[in-house]
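*Asks:* As input, take final.pdb (PDB, C-alpha atoms):
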ATOM      1  CA  MET A   1      99.381  98.243  82.863
ATOM      2  CA  ARG A   2      96.765  96.946  85.152
ATOM      3  CA  SER A   3      99.002  98.911  87.062
ATOM      4  CA  THR A   4      99.124 100.180  83.879
ATOM      5  CA  LEU A   5      96.606  98.585  81.952
ATOM      6  CA  VAL A   6      95.004  99.150  79.060
ATOM      7  CA  ARG A   7      94.780  95.999  77.084
ATOM      8  CA  THR A   8      93.144  95.095  73.869
ATOM      9  CA  ALA A   9      91.673  91.846  72.623
ATOM     10  CA  ILE A  10      94.340  89.613  71.163
ATOM     11  CA  ALA A  11      94.920  86.174  69.868
ATOM     12  CA  GLY A  12      96.005  84.824  73.116
ATOM     13  CA  VAL A  13      94.501  86.895  75.880
ATOM     14  CA  ALA A  14      94.379  90.369  76.961
ATOM     15  CA  VAL A  15      93.307  91.711  80.308
ATOM     16  CA  LEU A  16      93.777  93.523  82.581
ATOM     17  CA  GLY A  17      95.184  94.858  82.944
ATOM     18  CA  LEU A  18      95.154  96.245  84.350
ATOM     19  CA  ALA A  19      97.234  97.929  86.296
ATOM     20  CA  GLY A  20      98.767 101.660  87.368
ATOM     21  CA  CYS A  21     100.573 104.283  89.143
ATOM     22  CA  GLY A  22      99.307 107.801  88.832
ATOM     23  CA  GLY A  23      98.217 110.469  91.239
ATOM     24  CA  GLY A  24      94.624 110.311  92.416
ATOM     25  CA  ASP A  25      92.529 113.143  93.789
ATOM     26  CA  ASP A  26      91.624 113.317  97.464
ATOM     27  CA  GLN A  27      88.038 114.324  96.706
ATOM     28  CA  LEU A  28      85.489 112.912  94.338
ATOM     29  CA  GLY A  29      84.368 115.099  91.504
ATOM     30  CA  ASP A  30      80.774 114.884  92.772
ATOM     31  CA  SER A  31      80.675 117.318  95.666
ATOM     32  CA  ASP A  32      77.840 115.394  97.343
ATOM     33  CA  ALA A  33      79.428 111.966  97.089
ATOM     34  CA  GLY A  34      81.738 112.330 100.055
ATOM     35  CA  SER A  35      78.846 112.811 102.473
ATOM     36  CA  SER A  36      76.366 110.360 100.889
ATOM     37  CA  PRO A  37      75.770 107.332 103.104
ATOM     38  CA  ALA A  38      75.301 103.809 101.818
ATOM     39  CA  PRO A  39      71.625 103.430 100.837
ATOM     40  CA  ASP A  40      69.275 100.787 102.237
ATOM     41  CA  LYS A  41      68.335  99.700  98.712
ATOM     42  CA  VAL A  42      69.772 100.245  95.249
ATOM     43  CA  THR A  43      67.358  99.922  92.324
ATOM     44  CA  SER A  44      69.724 100.799  89.474
ATOM     45  CA  ILE A  45      73.455 100.866  88.928
ATOM     46  CA  THR A  46      75.862 101.689  86.101
ATOM     47  CA  VAL A  47      78.824  99.341  85.760
ATOM     48  CA  GLY A  48      81.897 100.541  83.883
ATOM     49  CA  SER A  49      84.963  98.798  82.544
ATOM     50  CA  ALA A  50      88.344  99.534  81.054
ATOM     51  CA  ASP A  51      89.021  98.904  77.392
ATOM     52  CA  PHE A  52      90.356  95.360  77.623
ATOM     53  CA  SER A  53      88.556  92.051  77.600
ATOM     54  CA  GLU A  54      89.116  90.943  81.183
ATOM     55  CA  SER A  55      87.699  94.156  82.575
ATOM     56  CA  GLN A  56      84.688  93.866  80.264
ATOM     57  CA  LEU A  57      84.170  90.274  81.400
ATOM     58  CA  LEU A  58      84.305  91.198  85.085
ATOM     59  CA  ALA A  59      81.893  94.079  84.543
ATOM     60  CA  GLU A  60      79.489  91.645  82.870
ATOM     61  CA  ILE A  61      79.785  89.184  85.753
ATOM     62  CA  TYR A  62      79.136  91.963  88.272
ATOM     63  CA  GLY A  63      76.214  93.315  86.258
ATOM     64  CA  GLN A  64      74.544  89.952  85.697
ATOM     65  CA  ALA A  65      74.955  89.014  89.354
ATOM     66  CA  LEU A  66      73.243  92.258  90.367
ATOM     67  CA  ALA A  67      70.514  91.920  87.736
ATOM     68  CA  ALA A  68      69.690  88.500  89.203
ATOM     69  CA  LYS A  69      68.989  90.329  92.470
ATOM     70  CA  GLY A  70      66.531  92.682  90.787
ATOM     71  CA  VAL A  71      68.852  95.635  90.241
ATOM     72  CA  GLU A  72      68.462  97.472  86.923
ATOM     73  CA  VAL A  73      71.941  97.410  85.390
ATOM     74  CA  THR A  74      73.416  99.681  82.728
ATOM     75  CA  GLN A  75      76.756  98.640  81.260
ATOM     76  CA  LYS A  76      79.255 101.282  80.184
ATOM     77  CA  PRO A  77      82.154  99.248  78.725
ATOM     78  CA  ASN A  78      85.424 100.293  77.120
ATOM     79  CA  ILE A  79      85.763 103.562  79.000
ATOM     80  CA  GLY A  80      89.541 103.736  78.599
ATOM     81  CA  ASN A  81      92.591 103.611  80.823
ATOM     82  CA  ARG A  82      92.663 103.964  84.596
ATOM     83  CA  GLU A  83      92.820 107.746  84.606
ATOM     84  CA  THR A  84      89.752 107.880  82.354
ATOM     85  CA  TYR A  85      87.561 105.378  84.174
ATOM     86  CA  MET A  86      88.534 106.747  87.580
ATOM     87  CA  ALA A  87      87.270 110.133  86.417
ATOM     88  CA  ALA A  88      83.981 108.448  85.495
ATOM     89  CA  ILE A  89      83.427 106.867  88.908
ATOM     90  CA  LYS A  90      84.440 110.087  90.646
ATOM     91  CA  ASP A  91      81.934 112.172  88.683
ATOM     92  CA  GLY A  92      79.181 109.587  89.147
ATOM     93  CA  SER A  93      78.728 108.626  85.501
ATOM     94  CA  VAL A  94      79.513 105.073  86.620
ATOM     95  CA  HIS A  95      78.949 103.611  90.061
ATOM     96  CA  LEU A  96      80.908 100.351  90.002
ATOM     97  CA  LEU A  97      84.137  99.128  88.379
ATOM     98  CA  PRO A  98      86.270  95.998  88.501
ATOM     99  CA  GLU A  99      89.687  96.983  89.804
ATOM    100  CA  TYR A 100      93.056  95.515  90.802
ATOM    101  CA  THR A 101      94.355  96.075  94.308
ATOM    102  CA  GLY A 102      97.970  97.049  93.641
ATOM    103  CA  ALA A 103      97.252  99.126  90.561
ATOM    104  CA  ALA A 104      94.436 101.011  92.257
ATOM    105  CA  LEU A 105      96.548 101.564  95.376
ATOM    106  CA  HIS A 106      99.319 103.149  93.336
ATOM    107  CA  TYR A 107      96.775 105.362  91.590
ATOM    108  CA  PHE A 108      95.550 106.762  94.902
ATOM    109  CA  LYS A 109      98.883 106.581  96.730
ATOM    110  CA  ALA A 110     101.804 106.842  94.343
ATOM    111  CA  ASP A 111     104.421 106.183  97.034
ATOM    112  CA  ALA A 112     102.848 102.950  98.316
ATOM    113  CA  THR A 113     105.391 100.280  99.222
ATOM    114  CA  GLU A 114     103.193  97.289 100.133
ATOM    115  CA  THR A 115     104.155  94.022  98.431
ATOM    116  CA  GLU A 116     101.881  91.433 100.124
ATOM    117  CA  ASP A 117      98.304  90.741  99.040
ATOM    118  CA  GLN A 118      96.521  91.567 102.286
ATOM    119  CA  ALA A 119      98.699  94.568 103.125
ATOM    120  CA  THR A 120      98.082  95.969  99.645
ATOM    121  CA  TYR A 121      94.329  95.516 100.022
ATOM    122  CA  ASP A 122      94.317  97.117 103.482
ATOM    123  CA  ALA A 123      96.375 100.050 102.223
ATOM    124  CA  LEU A 124      93.997 100.531  99.300
ATOM    125  CA  LYS A 125      90.984 100.669 101.619
ATOM    126  CA  SER A 126      92.637 103.345 103.737
ATOM    127  CA  SER A 127      93.790 105.365 100.709
ATOM    128  CA  LEU A 128      90.427 105.788  98.982
ATOM    129  CA  PRO A 129      88.771 109.200  98.965
ATOM    130  CA  SER A 130      85.521 109.655 100.821
ATOM    131  CA  GLY A 131      82.683 108.350  98.678
ATOM    132  CA  LEU A 132      84.567 105.385  97.204
ATOM    133  CA  GLU A 133      84.954 101.940  98.746
ATOM    134  CA  VAL A 134      86.244  98.526  97.797
ATOM    135  CA  LEU A 135      84.368  95.366  98.673
ATOM    136  CA  ASP A 136      85.950  91.971  99.369
ATOM    137  CA  LYS A 137      89.018  91.154  97.314
ATOM    138  CA  SER A 138      88.983  87.982  95.296
ATOM    139  CA  PRO A 139      91.637  85.263  95.456
ATOM    140  CA  ALA A 140      91.677  85.679  91.678
ATOM    141  CA  ALA A 141      94.544  87.914  90.614
ATOM    142  CA  ASP A 142      95.986  89.261  87.396
ATOM    143  CA  GLU A 143      99.514  90.546  87.795
ATOM    144  CA  ASP A 144     101.657  92.649  85.541
ATOM    145  CA  THR A 145     104.622  90.701  84.245
ATOM    146  CA  ILE A 146     107.651  91.740  82.199
ATOM    147  CA  VAL A 147     108.464  89.209  79.522
ATOM    148  CA  VAL A 148     111.034  88.277  76.902
ATOM    149  CA  THR A 149     111.047  85.514  74.309
ATOM    150  CA  LYS A 150     112.760  82.253  75.185
ATOM    151  CA  ALA A 151     115.376  83.026  72.526
ATOM    152  CA  THR A 152     116.200  86.345  74.216
ATOM    153  CA  ALA A 153     116.236  84.746  77.666
ATOM    154  CA  ASP A 154     118.615  82.040  76.451
ATOM    155  CA  LYS A 155     120.848  84.476  74.565
ATOM    156  CA  TYR A 156     121.410  86.723  77.594
ATOM    157  CA  SER A 157     120.845  84.184  80.424
ATOM    158  CA  LEU A 158     117.872  86.165  81.730
ATOM    159  CA  LYS A 159     115.959  84.939  84.767
ATOM    160  CA  THR A 160     115.220  88.115  86.735
ATOM    161  CA  LEU A 161     114.716  91.774  85.936
ATOM    162  CA  ALA A 162     118.112  92.466  87.496
ATOM    163  CA  ASP A 163     119.707  90.377  84.745
ATOM    164  CA  LEU A 164     118.662  93.025  82.221
ATOM    165  CA  LYS A 165     121.079  95.637  83.568
ATOM    166  CA  PRO A 166     124.251  94.673  81.640
ATOM    167  CA  VAL A 167     122.445  93.901  78.366
ATOM    168  CA  ALA A 168     119.606  96.445  78.167
ATOM    169  CA  LYS A 169     121.814  98.839  76.182
ATOM    170  CA  ASP A 170     121.419  96.484  73.235
ATOM    171  CA  MET A 171     117.652  96.128  73.611
ATOM    172  CA  ALA A 172     114.431  97.886  72.703
ATOM    173  CA  ALA A 173     111.394  97.775  74.983
ATOM    174  CA  GLY A 174     107.840  98.327  73.854
ATOM    175  CA  GLY A 175     104.232  98.152  74.904
ATOM    176  CA  SER A 176     101.642 100.604  76.183
ATOM    177  CA  SER A 177     102.292 104.275  76.812
ATOM    178  CA  GLU A 178     101.712 103.546  80.509
ATOM    179  CA  PHE A 179     104.434 100.866  80.639
ATOM    180  CA  LYS A 180     106.936 103.512  79.569
ATOM    181  CA  VAL A 181     106.259 105.853  82.493
ATOM    182  CA  ARG A 182     104.917 103.879  85.449
ATOM    183  CA  ASP A 183     106.590 102.259  88.431
ATOM    184  CA  ALA A 184     105.505  98.823  87.203
ATOM    185  CA  GLY A 185     107.428  99.526  84.024
ATOM    186  CA  LEU A 186     110.438 101.431  82.741
ATOM    187  CA  LYS A 187     110.354 103.925  85.614
ATOM    188  CA  GLY A 188     110.589 101.129  88.187
ATOM    189  CA  LEU A 189     113.199  99.265  86.141
ATOM    190  CA  LYS A 190     115.438 102.334  86.188
ATOM    191  CA  GLU A 191     114.878 103.223  89.851
ATOM    192  CA  LYS A 192     115.053  99.720  91.341
ATOM    193  CA  TYR A 193     117.256  97.814  88.898
ATOM    194  CA  ASP A 194     119.268 100.564  87.173
ATOM    195  CA  VAL A 195     118.034  99.219  83.838
ATOM    196  CA  GLU A 196     117.920 101.571  80.866
ATOM    197  CA  PHE A 197     117.234 100.411  77.337
ATOM    198  CA  GLY A 198     119.618 101.634  74.675
ATOM    199  CA  LYS A 199     117.161 101.598  71.809
ATOM    200  CA  GLU A 200     114.072 103.726  71.267
ATOM    201  CA  TYR A 201     110.904 102.739  73.128
ATOM    202  CA  LYS A 202     108.172 101.526  70.779
ATOM    203  CA  THR A 203     104.679 102.601  71.860
ATOM    204  CA  LEU A 204     102.359  99.790  70.807
ATOM    205  CA  ASP A 205      99.546  98.407  72.966
ATOM    206  CA  ALA A 206      99.113  96.928  76.442
ATOM    207  CA  GLY A 207      99.526  93.197  76.225
ATOM    208  CA  GLY A 208      97.970  93.279  72.797
ATOM    209  CA  PRO A 209      98.648  91.931  69.302
ATOM    210  CA  LEU A 210     101.021  94.734  68.335
ATOM    211  CA  SER A 211     103.280  94.116  71.314
ATOM    212  CA  LEU A 212     103.185  90.366  70.806
ATOM    213  CA  LYS A 213     104.071  90.613  67.120
ATOM    214  CA  ALA A 214     106.901  93.063  67.792
ATOM    215  CA  LEU A 215     108.281  90.754  70.479
ATOM    216  CA  LEU A 216     108.081  87.620  68.341
ATOM    217  CA  ASP A 217     109.585  89.469  65.351
ATOM    218  CA  ASN A 218     112.441  90.696  67.600
ATOM    219  CA  GLN A 219     111.594  94.335  66.872
ATOM    220  CA  ILE A 220     111.476  94.722  70.653
ATOM    221  CA  GLN A 221     113.036  92.432  73.223
ATOM    222  CA  VAL A 222     111.091  93.326  76.370
ATOM    223  CA  SER A 223     107.406  94.022  76.953
ATOM    224  CA  ASN A 224     104.652  93.997  79.567
ATOM    225  CA  PHE A 225     101.928  91.360  79.602
ATOM    226  CA  PHE A 226      99.537  90.026  82.219
ATOM    227  CA  THR A 227      99.549  86.738  84.063
ATOM    228  CA  THR A 228      96.047  85.638  83.052
ATOM    229  CA  GLN A 229      97.020  85.836  79.390
ATOM    230  CA  ALA A 230      97.244  82.429  77.759
ATOM    231  CA  LEU A 231      99.455  83.960  75.076
ATOM    232  CA  ILE A 232     102.393  83.832  77.505
ATOM    233  CA  LYS A 233     102.359  80.050  77.634
ATOM    234  CA  ASP A 234     101.116  79.637  74.065
ATOM    235  CA  ASN A 235     104.084  81.613  72.716
ATOM    236  CA  ASN A 236     106.647  80.238  75.165
ATOM    237  CA  LEU A 237     107.389  83.679  76.616
ATOM    238  CA  VAL A 238     109.552  83.962  79.726
ATOM    239  CA  MET A 239     108.284  85.974  82.691
ATOM    240  CA  LEU A 240     111.242  87.580  84.444
ATOM    241  CA  GLU A 241     111.289  87.367  88.222
ATOM    242  CA  ASP A 242     110.942  90.610  90.186
ATOM    243  CA  PRO A 243     112.993  90.439  93.418
ATOM    244  CA  GLU A 244     112.601  94.189  94.066
ATOM    245  CA  ASN A 245     108.791  93.992  93.792
ATOM    246  CA  ILE A 246     108.149  96.734  91.271
ATOM    247  CA  LEU A 247     105.128  94.723  90.102
ATOM    248  CA  PRO A 248     102.446  94.928  92.815
ATOM    249  CA  PRO A 249      99.910  92.273  93.847
ATOM    250  CA  ASN A 250      96.737  92.682  91.813
ATOM    251  CA  ASN A 251      93.816  90.822  93.314
ATOM    252  CA  ILE A 252      90.515  91.624  91.658
ATOM    253  CA  VAL A 253      88.206  93.794  93.728
ATOM    254  CA  PRO A 254      84.967  95.714  93.107
ATOM    255  CA  LEU A 255      85.400  99.486  93.418
ATOM    256  CA  ILE A 256      82.068 101.121  94.195
ATOM    257  CA  ARG A 257      80.622 104.477  95.085
ATOM    258  CA  THR A 258      79.301 104.518  98.637
ATOM    259  CA  ASP A 259      76.043 106.011  97.412
ATOM    260  CA  HIS A 260      75.363 102.748  95.509
ATOM    261  CA  LYS A 261      76.615 100.242  98.093
ATOM    262  CA  SER A 262      73.557  98.666  99.685
ATOM    263  CA  ASP A 263      73.762  95.409 101.630
ATOM    264  CA  ASP A 264      72.207  93.481  98.731
ATOM    265  CA  VAL A 265      74.692  94.911  96.223
ATOM    266  CA  SER A 266      77.630  94.217  98.518
ATOM    267  CA  SER A 267      76.462  90.670  99.208
ATOM    268  CA  ALA A 268      76.135  89.803  95.513
ATOM    269  CA  LEU A 269      79.515  91.256  94.568
ATOM    270  CA  ASN A 270      81.297  89.672  97.532
ATOM    271  CA  ALA A 271      79.846  86.308  96.483
ATOM    272  CA  VAL A 272      81.345  86.806  93.013
ATOM    273  CA  SER A 273      84.736  87.627  94.505
ATOM    274  CA  ALA A 274      84.655  84.560  96.735
ATOM    275  CA  LYS A 275      83.989  82.150  93.856
ATOM    276  CA  LEU A 276      86.249  83.663  91.206
ATOM    277  CA  THR A 277      89.646  82.005  90.731
ATOM    278  CA  THR A 278      92.691  82.913  88.694
ATOM    279  CA  ASP A 279      92.421  79.700  86.674
ATOM    280  CA  ALA A 280      88.780  80.348  85.855
ATOM    281  CA  LEU A 281      89.573  83.917  84.881
ATOM    282  CA  THR A 282      92.409  82.797  82.610
ATOM    283  CA  ASP A 283      90.139  80.297  80.888
ATOM    284  CA  MET A 284      87.343  82.836  80.419
ATOM    285  CA  VAL A 285      89.623  85.499  78.983
ATOM    286  CA  LYS A 286      91.023  82.962  76.520
ATOM    287  CA  ARG A 287      87.483  82.109  75.426
ATOM    288  CA  ILE A 288      86.954  85.780  74.630
ATOM    289  CA  ASP A 289      90.275  86.635  73.041
ATOM    290  CA  VAL A 290      91.004  83.377  71.255
ATOM    291  CA  GLY A 291      87.571  81.797  70.940
ATOM    292  CA  LYS A 292      85.937  85.139  70.088
ATOM    293  CA  GLU A 293      83.032  84.574  72.464
ATOM    294  CA  SER A 294      81.331  87.666  73.860
ATOM    295  CA  PRO A 295      82.050  88.801  77.429
ATOM    296  CA  ASN A 296      78.301  88.706  78.058
ATOM    297  CA  ALA A 297      78.012  85.041  77.043
ATOM    298  CA  VAL A 298      81.119  83.935  78.937
ATOM    299  CA  ALA A 299      79.947  85.746  82.081
ATOM    300  CA  LYS A 300      76.509  84.146  81.811
ATOM    301  CA  ASP A 301      78.062  80.691  81.473
ATOM    302  CA  TRP A 302      80.334  81.191  84.508
ATOM    303  CA  LEU A 303      77.454  82.398  86.669
ATOM    304  CA  SER A 304      75.306  79.441  85.603
ATOM    305  CA  LYS A 305      78.057  77.085  86.797
ATOM    306  CA  ASN A 306      78.804  79.084  89.941
ATOM    307  CA  PRO A 307      75.478  80.013  91.546
ATOM    308  CA  LEU A 308      75.912  82.755  94.088
ATOM    309  CA  SER A 309      73.029  81.756  96.359
TER     310      SER A 309
END
How does this structure look as structure tokens?

*Replies:*
Amino acid sequence: MRSTLVRTAIAGVAVLGLAGCGGGDDQLGDSDAGSSPAPDKVTSITVGSADFSESQLLAEIYGQALAAKGVEVTQKPNIGNRETYMAAIKDGSVHLLPEYTGAALHYFKADATETEDQATYDALKSSLPSGLEVLDKSPAADEDTIVVTKATADKYSLKTLADLKPVAKDMAAGGSSEFKVRDAGLKGLKEKYDVEFGKEYKTLDAGGPLSLKALLDNQIQVSNFFTTQALIKDNNLVMLEDPENILPPNNIVPLIRTDHKSDDVSSALNAVSAKLTTDALTDMVKRIDVGKESPNAVAKDWLSKNPLS
């Protein structure tokens, strides 16, 4: 899930993910990183991404924006889930990642309770270990959402996650391994809504083709997708409302090592964040996952239409 997140390319859209609760370390793996100041100039940077298309797209946009400023950029895509790519930025094998405010906050502060966009962003900034920073958050967001088919929603009169409580005993849930254990998933459903599914959990993928097929074939009745995925609308899926706020806000934000955060780098990335919108992101991810365009090409096209300076 972007709190949880790991998504795979799918006929409809897969992103981002991304989004998750897990304990983060207080110190970076690189013992020097905590005391390294922001440099005056950055000549090279390694940009990483998670293993889903939206994250790869954002990494390409970041990288191309920085390359246009004369920075030598190395892309390290498809690193893995949040725990894996966080290890990479902590040990310095990558210097910059696209992240999601609520998911990242819950990684570094598992007991976070913020539910508003700005409060979540502020809490994330104050929860980061020395040596890591976030730049400006974008208005573009990609939220976790818990979905059912329209047939299931009609059968059980489902509108909110709370409506699952009396009927979950007859249902199977499925999706990523993260969705099974995280707060923005079965753990939160049990703790906040007293929802427990009576049938075995099916571990499939995160917002990917396996989860979609299982949902449409009624092998599972509940799964986790992401709000920038066109497959939700294309397949007439119903997003259940979340009155208890187990699904955090997830504005897109660059996560960067302080030792690679020069003024020029910050300025370029903040300009990306300012121009990116949720609608544009949804369209771009669909071009990748449905149209089979490359993240590199889609990023290049967006930047050509949205000059940063």

*Asks:* Which one is closest to Gln56 of chain A: A:Pro77, A:Gly291, A:Gly131, A:Gly102? Count only C-alpha atoms.

*Replies:*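 Looking only at the distances to Gln56 of chain A, the closest residue turns out to be A:Pro77.
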
*Asks:* Please compute the atom CA of Leu281 of chain A-atom CA of Leu57 of chain A distance, one decimal, in Å.

*Replies:* 9.0 Å

*Asks:* Please list as a list of chain:residue names every residue within 9 Å of Ala123 of chain A, counting all atoms listed in the file and excluding residues in the same chain fewer than 6 positions away.

*Replies:*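 My reading of the contact set: A:Leu105, A:Lys109, A:Ala112, A:Glu114.
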
*Asks:* Could the residues in this selection be saved with C-alpha atoms as a PDB file, in the coordinates of the input?

*Replies:*
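Just written: selection_21.pdb:
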ATOM      1  CA  LEU A 105      96.548 101.564  95.376  1.00  0.00           C
ATOM      2  CA  LYS A 109      98.883 106.581  96.730  1.00  0.00           C
ATOM      3  CA  ALA A 112     102.848 102.950  98.316  1.00  0.00           C
ATOM      4  CA  GLU A 114     103.193  97.289 100.133  1.00  0.00           C
TER       5      GLU A 114
END

*Asks:* Selection in question (the file shown): the PyMOL selection byres ((chain A and resi 193) around 8). Which residues does it include, as a PyMOL selection string?

*Replies:* chain A and resi 161-162+165+188-192+194-195+244

*Asks:* Using all atoms listed in the file for the distances, tell me which of A:Asp144, A:Asp259, A:Asp283, A:Asp264 is nearest to Glu241 of chain A.

*Replies:*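 Using all atoms listed in the file, the shortest distance to Glu241 of chain A belongs to A:Asp144.
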
*Asks:* Which residue, A:Leu276, A:Val285, A:Leu269, A:Ala88, has the smallest gap to Ala141 of chain A when you use only C-alpha atoms?

*Replies:*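 Closest residue, counting only C-alpha atoms: A:Leu276.
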
*Asks:* With only C-alpha atoms as the basis for distance, which of A:Pro209, A:Thr160, A:Lys180, A:Ala173 is at the shortest distance from Phe197 of chain A?

*Replies:*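 Among the listed residues, the smallest separation from Phe197 of chain A belongs to A:Ala173.
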
*Asks:* Evaluated on this file, the PyMOL selection byres ((chain A and resi 132) around 10) picks out some residues - which ones are they, written as a PyMOL selection string?

*Replies:* chain A and resi 27-28+33-34+89-90+95-96+125+127-131+133-134+255-261

*Asks:* Would you pick out the contacts of segment 245-253 of chain A at 8 Å or less, using all atoms listed in the file, so that residues sharing its chain but fewer than 2 positions from it are not included, and give the list as a PyMOL selection string?

*Replies:* chain A and resi 2-3+19+98-103+114-117+120+134-145+183-185+188-189+192+242-243+255+273

*Asks:* One number please: atom CA of Lys41 of chain A to atom CA of Ser304 of chain A, in Å, one decimal.

*Replies:*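 Distance between the two atoms: 25.1 Å.
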
*Asks:* Which one of A:Asn78, A:Asn218, A:Asn224, A:Gly175 sits closest to Leu204 of chain A if you count all atoms listed in the file?

*Replies:*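 Result for the nearest residue to Leu204 of chain A: A:Gly175.
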
*Asks:* Hey, which of A:Lys169, A:Ser53, A:Ala87, A:Met239 ends up closest to Glu293 of chain A? Count all atoms listed in the file.

*Replies:*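 Smallest distance to Glu293 of chain A is found for A:Ser53.
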
*Asks:* With 12 Å as the threshold, what does the neighbourhood of (108.4, 82.9, 78.2) contain in terms of residues, counting all atoms listed in the file? Coordinates are those of the file; answer as a PyMOL selection string.

*Replies:* chain A and resi 145-154+158-159+212+215-216+221-225+227+229-241
